[in-house]
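**Q** Input file: upload_18.txt. Contents: compact mmCIF, C-alpha atoms.
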```txt
# COMPACT_ATOMS: atom_id res chain seq x y z
CA MET A 226 -31.55 55.23 -33.06
CA LYS A 227 -31.02 57.69 -30.21
CA LYS A 228 -28.01 59.96 -30.61
CA ALA A 229 -25.16 59.18 -28.22
CA GLU A 230 -24.91 61.61 -25.34
CA SER A 231 -21.73 63.65 -25.21
CA LEU A 232 -19.61 63.93 -22.09
CA GLU A 233 -20.62 67.59 -21.72
CA GLU A 234 -24.34 66.70 -22.01
CA PHE A 235 -23.91 63.95 -19.42
CA TYR A 236 -22.42 66.38 -16.90
CA GLN A 237 -24.97 69.07 -17.70
CA ARG A 238 -27.81 66.58 -17.07
CA ASN A 239 -26.48 64.88 -13.96
CA PHE A 240 -24.29 67.44 -12.23
CA ASP A 241 -25.98 70.80 -12.62
CA TRP A 242 -24.99 71.61 -9.04
CA ILE A 243 -21.31 71.77 -10.01
CA PRO A 244 -19.89 75.31 -10.58
CA GLU A 245 -19.95 76.12 -14.28
CA ASN A 246 -16.18 76.45 -14.70
CA LEU A 247 -15.59 73.02 -13.12
CA LYS A 248 -18.44 71.40 -15.04
CA ASN A 249 -16.81 72.46 -18.31
CA GLU A 250 -13.46 70.95 -17.28
CA ILE A 251 -14.40 67.60 -15.69
CA GLY A 252 -13.56 64.62 -17.87
CA HIS A 253 -10.97 66.41 -20.01
CA PHE A 254 -7.95 65.81 -17.75
CA ASN A 255 -6.71 63.10 -15.41
CA VAL A 256 -3.48 61.87 -13.87
CA PHE A 257 -2.52 58.30 -12.89
CA ARG A 258 0.29 56.28 -11.38
CA LEU A 259 1.63 53.14 -13.01
CA LYS A 260 1.99 50.49 -10.33
CA PRO A 261 5.13 48.32 -10.29
CA PHE A 262 4.30 45.23 -12.35
CA ILE A 263 6.01 41.85 -12.02
CA SER A 264 5.42 39.17 -14.63
CA ASN A 265 7.31 36.70 -16.78
CA LYS A 266 4.95 37.40 -19.69
CA THR A 267 4.81 41.14 -20.13
CA LYS A 268 2.54 42.16 -23.02
CA PRO A 269 3.11 45.34 -25.04
CA VAL A 270 0.55 48.11 -25.01
CA PRO A 271 -1.57 47.71 -28.19
CA TYR A 272 -0.27 49.66 -31.20
CA LYS A 273 -3.19 51.96 -31.99
CA ARG A 274 -4.25 55.58 -32.16
CA ARG A 275 -5.45 57.20 -28.95
CA ASP A 276 -8.21 59.74 -28.49
CA PHE A 277 -6.19 61.79 -26.01
CA TYR A 278 -2.81 63.38 -25.43
CA LYS A 279 -0.53 61.65 -22.94
CA ILE A 280 2.61 62.76 -21.12
CA MET A 281 4.24 59.86 -19.30
CA LEU A 282 7.24 59.45 -17.01
CA VAL A 283 8.28 55.81 -17.29
CA ASN A 284 10.87 53.94 -15.23
CA GLY A 285 12.49 50.78 -16.50
CA ASN A 286 14.15 49.33 -19.56
CA SER A 287 11.72 49.37 -22.47
CA LYS A 288 11.22 50.13 -26.15
CA VAL A 289 8.75 52.58 -27.56
CA HIS A 290 7.48 52.43 -31.14
CA TYR A 291 6.50 55.77 -32.68
CA ALA A 292 5.25 55.31 -36.25
CA ASP A 293 8.39 54.03 -38.05
CA GLN A 294 10.77 54.72 -35.16
CA VAL A 295 11.86 52.34 -32.42
CA ILE A 296 13.66 53.91 -29.46
CA GLU A 297 15.05 52.03 -26.50
CA VAL A 298 14.82 53.49 -23.01
CA LYS A 299 17.59 52.12 -20.83
CA LYS A 300 16.48 53.55 -17.49
CA GLN A 301 13.87 56.34 -17.46
CA ALA A 302 12.21 58.69 -19.93
CA LEU A 303 9.54 61.32 -20.44
CA SER A 304 7.30 60.64 -23.43
CA PHE A 305 4.70 62.65 -25.34
CA SER A 306 1.96 61.17 -27.52
CA ASN A 307 -1.03 62.66 -29.25
CA PRO A 308 -4.16 61.31 -30.97
CA LEU A 309 -2.52 61.35 -34.41
CA ILE A 310 0.68 59.44 -33.60
CA PRO A 311 0.27 55.67 -33.21
CA TYR A 312 2.62 54.09 -30.69
CA LYS A 313 3.23 51.12 -28.44
CA TRP A 314 5.42 50.41 -25.43
CA GLU A 315 7.33 47.16 -25.29
CA HIS A 316 8.66 46.54 -21.79
CA LEU A 317 11.89 44.55 -21.63
CA ASP A 318 12.28 44.10 -17.90
CA ASN A 319 9.97 42.62 -15.31
CA ILE A 320 9.33 45.75 -13.24
CA ARG A 321 7.97 49.00 -14.62
CA SER A 322 6.48 52.03 -12.91
CA GLY A 323 5.71 55.61 -13.73
CA ILE A 324 3.21 58.45 -13.78
CA PHE A 325 1.18 59.88 -16.63
CA CYS A 326 -1.43 62.52 -17.32
CA ILE A 327 -3.96 62.45 -20.13
CA PHE A 328 -6.05 65.25 -21.62
CA ASP A 329 -8.02 65.99 -24.78
CA HIS A 330 -8.01 69.01 -27.06
CA HIS A 331 -10.96 70.56 -25.16
CA PHE A 332 -8.72 70.94 -22.12
CA PHE A 333 -6.62 73.57 -23.92
CA HIS A 334 -9.42 75.20 -25.89
CA GLN A 335 -8.69 78.97 -25.92
CA PHE A 336 -5.50 78.35 -23.93
CA GLY A 337 -3.11 77.56 -26.75
CA ASN A 338 -2.54 75.34 -29.76
CA LEU A 339 -0.79 72.12 -28.72
CA SER A 340 0.22 71.34 -32.30
CA GLN A 341 2.66 74.28 -32.26
CA TYR A 342 4.89 72.38 -29.82
CA SER A 343 7.43 70.09 -31.45
CA VAL A 344 6.83 67.30 -28.90
CA PHE A 345 3.37 66.84 -30.42
CA GLN A 346 4.37 67.28 -34.07
CA PRO A 347 4.86 64.28 -36.39
CA ASN A 348 8.52 65.09 -37.04
CA GLY A 349 9.27 66.28 -33.52
CA THR A 350 11.08 64.57 -30.65
CA HIS A 351 8.59 62.58 -28.59
CA LEU A 352 10.84 60.73 -26.16
CA PHE A 353 13.41 62.20 -23.77
CA GLU A 354 15.69 59.85 -21.87
CA LEU A 355 16.43 61.33 -18.47
CA GLU A 356 19.46 61.52 -16.23
CA ASP A 357 18.83 60.75 -12.56
CA HIS A 358 18.97 64.42 -11.55
CA GLN A 359 16.29 65.33 -14.12
CA VAL A 360 13.66 63.02 -12.65
CA ALA A 361 12.91 64.77 -9.34
CA PRO A 362 11.58 68.08 -10.82
CA ILE A 363 9.28 66.11 -13.14
CA VAL A 364 8.00 63.90 -10.31
CA ASP A 365 7.34 67.08 -8.33
CA ILE A 366 5.12 68.43 -11.13
CA TYR A 367 3.12 65.20 -11.23
CA ASN A 368 2.72 65.22 -7.44
CA ARG A 369 1.39 68.76 -7.67
CA MET A 370 -1.08 67.53 -10.29
CA PHE A 371 -2.38 64.91 -7.84
CA ASP A 372 -2.69 67.54 -5.12
CA GLU A 373 -4.58 69.95 -7.39
CA ILE A 374 -6.99 67.47 -8.95
CA ASN A 375 -7.94 66.19 -5.50
CA SER A 376 -8.40 69.70 -4.09
CA ASP A 377 -11.59 71.74 -3.93
CA TYR A 378 -9.91 74.85 -5.37
CA LEU A 379 -12.33 76.49 -7.79
CA HIS A 380 -9.67 77.23 -10.43
CA LYS A 381 -7.66 74.03 -10.09
CA TYR A 382 -7.86 73.20 -13.81
CA ASP A 383 -6.07 76.45 -14.63
CA VAL A 384 -3.27 75.31 -12.31
CA LEU A 385 -3.26 71.89 -13.99
CA ARG A 386 -2.88 73.49 -17.42
CA ASN A 387 0.13 75.43 -16.15
CA LEU A 388 1.65 72.21 -14.80
CA VAL A 389 1.21 70.54 -18.19
CA PHE A 390 2.97 73.49 -19.81
CA GLY A 391 5.72 72.99 -17.24
CA LEU A 392 6.30 69.45 -18.50
CA LEU A 393 6.24 70.65 -22.11
CA HIS A 394 8.92 73.25 -21.55
CA ILE A 395 11.15 70.98 -19.45
CA ALA A 396 11.23 68.57 -22.39
CA MET A 397 11.67 71.17 -25.11
CA LYS A 398 14.64 72.69 -23.29
CA MET A 399 16.26 69.24 -23.46
CA GLN A 400 16.03 69.06 -27.25
CA PRO A 401 19.45 68.74 -28.86
CA ASN A 402 20.74 71.17 -31.48
CA THR A 403 19.90 68.59 -34.14
CA SER A 404 16.22 69.25 -33.43
CA ILE A 405 16.77 72.92 -34.18
CA ASP A 406 18.52 71.98 -37.40
CA LYS A 407 15.54 69.83 -38.44
CA GLN A 408 13.33 72.89 -38.09
CA GLN A 409 15.73 74.73 -40.42
CA VAL A 410 16.39 77.53 -37.97
CA ASN A 411 19.58 78.97 -39.45
CA ALA A 412 21.92 81.69 -38.23
CA SER A 413 20.06 84.46 -40.06
CA GLN A 414 16.76 83.46 -38.48
CA ARG A 415 18.28 83.35 -35.02
CA ILE A 416 19.79 86.83 -35.42
CA ALA A 417 16.51 88.17 -36.83
CA THR A 418 14.58 86.70 -33.91
CA LEU A 419 16.95 88.29 -31.37
CA PHE A 420 16.72 91.60 -33.22
CA LEU A 421 12.90 91.57 -33.10
CA GLU A 422 12.92 90.68 -29.41
CA LEU A 423 15.28 93.56 -28.68
CA LEU A 424 13.17 95.93 -30.78
CA GLU A 425 9.95 94.96 -28.97
CA ARG A 426 11.49 95.31 -25.52
CA GLN A 427 11.66 99.07 -26.11
CA PHE A 428 7.88 99.30 -26.29
CA PRO A 429 5.41 100.41 -25.20
CA ILE A 430 6.68 103.94 -24.70
CA ASP A 431 5.06 105.36 -21.55
CA GLU A 432 5.80 107.35 -18.40
CA ASN A 433 7.87 104.49 -16.97
CA HIS A 434 9.69 103.66 -20.21
CA GLN A 435 10.19 107.00 -21.83
CA GLN A 436 12.70 106.68 -24.65
CA MET A 437 14.02 104.28 -27.27
CA HIS A 438 17.67 103.38 -26.66
CA CYS A 439 18.28 101.54 -29.95
CA ARG A 440 17.19 103.57 -32.96
CA SER A 441 19.50 102.55 -35.82
CA ALA A 442 20.78 99.30 -37.33
CA SER A 443 24.21 99.95 -35.83
CA ASP A 444 22.65 100.41 -32.36
CA PHE A 445 21.03 96.99 -32.60
CA ALA A 446 24.15 95.37 -34.07
CA GLY A 447 26.15 96.65 -31.10
CA GLN A 448 23.66 95.21 -28.63
CA LEU A 449 23.63 91.86 -30.44
CA ASN A 450 27.44 91.80 -30.78
CA VAL A 451 27.35 91.29 -34.55
CA HIS A 452 28.65 93.42 -37.43
CA VAL A 453 25.99 95.76 -38.79
CA ASN A 454 26.40 94.26 -42.29
CA HIS A 455 25.74 90.80 -40.85
CA LEU A 456 22.59 92.07 -39.13
CA ASN A 457 21.40 93.76 -42.32
CA ARG A 458 21.92 90.59 -44.38
CA SER A 459 20.12 88.48 -41.78
CA ILE A 460 17.09 90.77 -41.72
CA LYS A 461 17.01 90.97 -45.51
CA ASP A 462 17.27 87.17 -45.91
CA THR A 463 14.62 86.48 -43.27
CA MET A 464 12.12 89.31 -43.62
CA GLU A 465 12.80 90.59 -47.14
CA LYS A 466 13.06 94.11 -45.73
CA THR A 467 15.95 96.30 -44.66
CA THR A 468 16.72 96.71 -40.96
CA SER A 469 15.80 100.38 -41.21
CA GLN A 470 12.43 99.51 -42.76
CA VAL A 471 11.57 97.14 -39.90
CA ILE A 472 12.61 99.70 -37.28
CA GLY A 473 10.73 102.45 -39.09
CA GLU A 474 7.52 100.44 -39.33
CA ARG A 475 7.58 99.69 -35.60
CA VAL A 476 8.37 103.31 -34.71
CA LEU A 477 5.51 104.47 -36.94
CA GLN A 478 3.13 102.05 -35.24
CA GLU A 479 4.14 103.33 -31.80
CA SER A 480 3.90 106.97 -32.89
CA LYS A 481 0.29 106.43 -33.99
CA ILE A 482 -0.54 104.84 -30.63
CA LEU A 483 1.03 107.73 -28.72
CA LEU A 484 -0.69 110.36 -30.83
CA LYS A 485 -4.10 108.78 -30.30
CA HIS A 486 -3.84 107.51 -26.74
CA SER A 487 -1.37 109.70 -24.83
CA HIS A 488 -1.43 113.26 -23.56
CA TRP A 489 2.15 113.91 -24.72
CA THR A 490 2.92 116.74 -27.13
CA VAL A 491 4.30 116.01 -30.58
CA SER A 492 7.72 117.23 -29.37
CA GLU A 493 7.64 114.80 -26.41
CA ILE A 494 6.65 111.93 -28.70
CA ALA A 495 9.43 112.79 -31.14
CA TYR A 496 11.99 112.79 -28.31
CA ALA A 497 10.69 109.50 -26.88
CA LEU A 498 10.99 107.81 -30.28
CA GLY A 499 14.58 108.89 -30.74
CA PHE A 500 14.24 111.86 -33.11
CA ALA A 501 16.78 114.61 -32.48
CA GLU A 502 14.44 117.30 -33.82
CA VAL A 503 10.66 117.47 -33.95
CA THR A 504 10.91 118.45 -37.63
CA HIS A 505 12.64 115.12 -38.33
CA PHE A 506 9.70 113.34 -36.71
CA ASN A 507 7.18 115.42 -38.67
CA ASN A 508 8.94 114.61 -41.94
CA PHE A 509 9.16 110.90 -41.05
CA PHE A 510 5.47 110.70 -40.13
CA LYS A 511 4.27 112.62 -43.18
CA LYS A 512 6.42 110.50 -45.50
CA HIS A 513 4.69 107.32 -44.29
CA THR A 514 1.14 108.57 -43.76
CA ALA A 515 0.81 111.58 -46.09
CA THR A 516 -0.40 113.65 -43.15
CA SER A 517 1.16 115.49 -40.22
CA PRO A 518 1.18 114.15 -36.64
CA LEU A 519 -1.17 116.90 -35.46
CA LYS A 520 -3.69 116.23 -38.22
CA PHE A 521 -3.53 112.50 -37.51
CA ARG A 522 -4.17 113.14 -33.81
CA ASN A 523 -7.22 115.28 -34.57
CA ILE A 524 -8.83 112.97 -37.12
```
Reformat the file's structure so that it appears as structure tokens.
**A**
Amino acid sequence: MKKAESLEEFYQRNFDWIPENLKNEIGHFNVFRLKPFISNKTKPVPYKRRDFYKIMLVNGNSKVHYADQVIEVKKQALSFSNPLIPYKWEHLDNIRSGIFCIFDHHFFHQFGNLSQYSVFQPNGTHLFELEDHQVAPIVDIYNRMFDEINSDYLHKYDVLRNLVFGLLHIAMKMQPNTSIDKQQVNASQRIATLFLELLERQFPIDENHQQMHCRSASDFAGQLNVHVNHLNRSIKDTMEKTTSQVIGERVLQESKILLKHSHWTVSEIAYALGFAEVTHFNNFFKKHTATSPLKFRNI
């Protein structure tokens, strides 16, 4: 029996005149409109697994079945489904309309991991009921999808990926605090995350960003508006390290980068990294690397 031809092989064989970047994208994404439907005998969409991801804006009173959940949509909603989550729509009124896009995992190959987003996770929120004012921005994204997919722009599939991400983030910003609780993000983790963000914003050190402004645990606690003991406990609970250890490791990493890839003197690097004296920097560096900054630079 002859092996079935893949979609990629089909396009390679029949459409070799298409630019390579478009040839690799065709067939992995599409967008459709649901036409208003009037009937006294509305049938539910079959309850089965799909071979694609779908993001759908649906208008009308209906019920959606996700695995063991049944959620009623009273007016309008944005829904997310993936190949691993079986579902069905049960429409309760006579008129339904909407817009949806579909795509497979190849569409985001090397552009991100869709499973990291809660809307596509088994225990995540998959349905978002919308207020009237929330509909227009979503419709605008879908309209832009139609414009792009029908255009002759060479990089239109990159634009379409960004539009899909736009829908993802609109929905995830709507998630209630209970969704955060389900992911067990506690106060210590939130403080630790904010601390790490603040720490990273001080790097890289370069000509346009010449000095660390937060160097100690108390500096960071002041910026985060928490007591330094609370910050220290949060970092210890979350990262199993002291705040000073985390800061020190990041400062050491940056010092190595500056020594190897900048023209700055050791004194300039020490100043930029918040050391009052160059000898303090030398002692810090030697304690963690068993060599001096100058020797490290010349290795």
**Q** Excluding same-chain residues fewer than 3 positions from Phe420 (chain A), what lies within 10 Å of it counting only C-alpha atoms, as number ranges by chain?
**A** A: 414-417, 423-425, 442, 445-446, 448-449, 456, 459-460, 468, 472
**Q** CA of Val453 (chain A) to CA of Asn411 (chain A): how many Å, to one decimal?
**A**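 Between these atoms lies a distance of 18.0 Å.
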**Q** Between CA of Gln400 (chain A) and CA of Leu355 (chain A), what is the spacing in Å?
**A**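 Computing it gives 11.7 Å between the two atoms.
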**Q** If you count all atoms listed in the file, which residues fall within 8 Å of His290 (chain A), apart from same-chain ones fewer than 5 positions away, as a list of chain:residue names?
**A**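 Near His290 (chain A), the qualifying residues are A:Val295, A:Ile296, A:Tyr312, A:Lys313, A:Trp314, A:Glu315.
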**Q** What is the distance between CA of Phe257 (chain A) and CA of Gln346 (chain A), in Å to one decimal?
**A**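 CA of Phe257 (chain A) sits 24.0 Å away from CA of Gln346 (chain A).
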**Q** Report as a list in words all protein, DNA and RNA residues lying within 12 Å of Asn507 (chain A), evaluated on only C-alpha atoms, omitting residues in the same chain fewer than 3 positions from it.
**A**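 Here the answer would be Leu477, Ser480, Val491, Ser492, Ile494, Ala495, Tyr496, Leu498, Phe500, Ala501, Glu502, Val503, Thr504, Phe510, Lys511, Lys512, His513, Thr514, Ala515, Thr516, Ser517, Pro518, Leu519, Lys520 and Phe521 of chain A.
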**Q** Taking into account all atoms listed in the file, which residue in the set A:Val476, A:Val471, A:Val364, A:Met437 is nearest to Phe506 (chain A)?
**A** A:Val476
**Q** From the options A:His394, A:His331, A:His438, A:Arg522, which residue's atoms come nearest to Lys485 (chain A), counting all atoms listed in the file?
**A**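 Looking only at the distances to Lys485 (chain A), the closest residue turns out to be A:Arg522.
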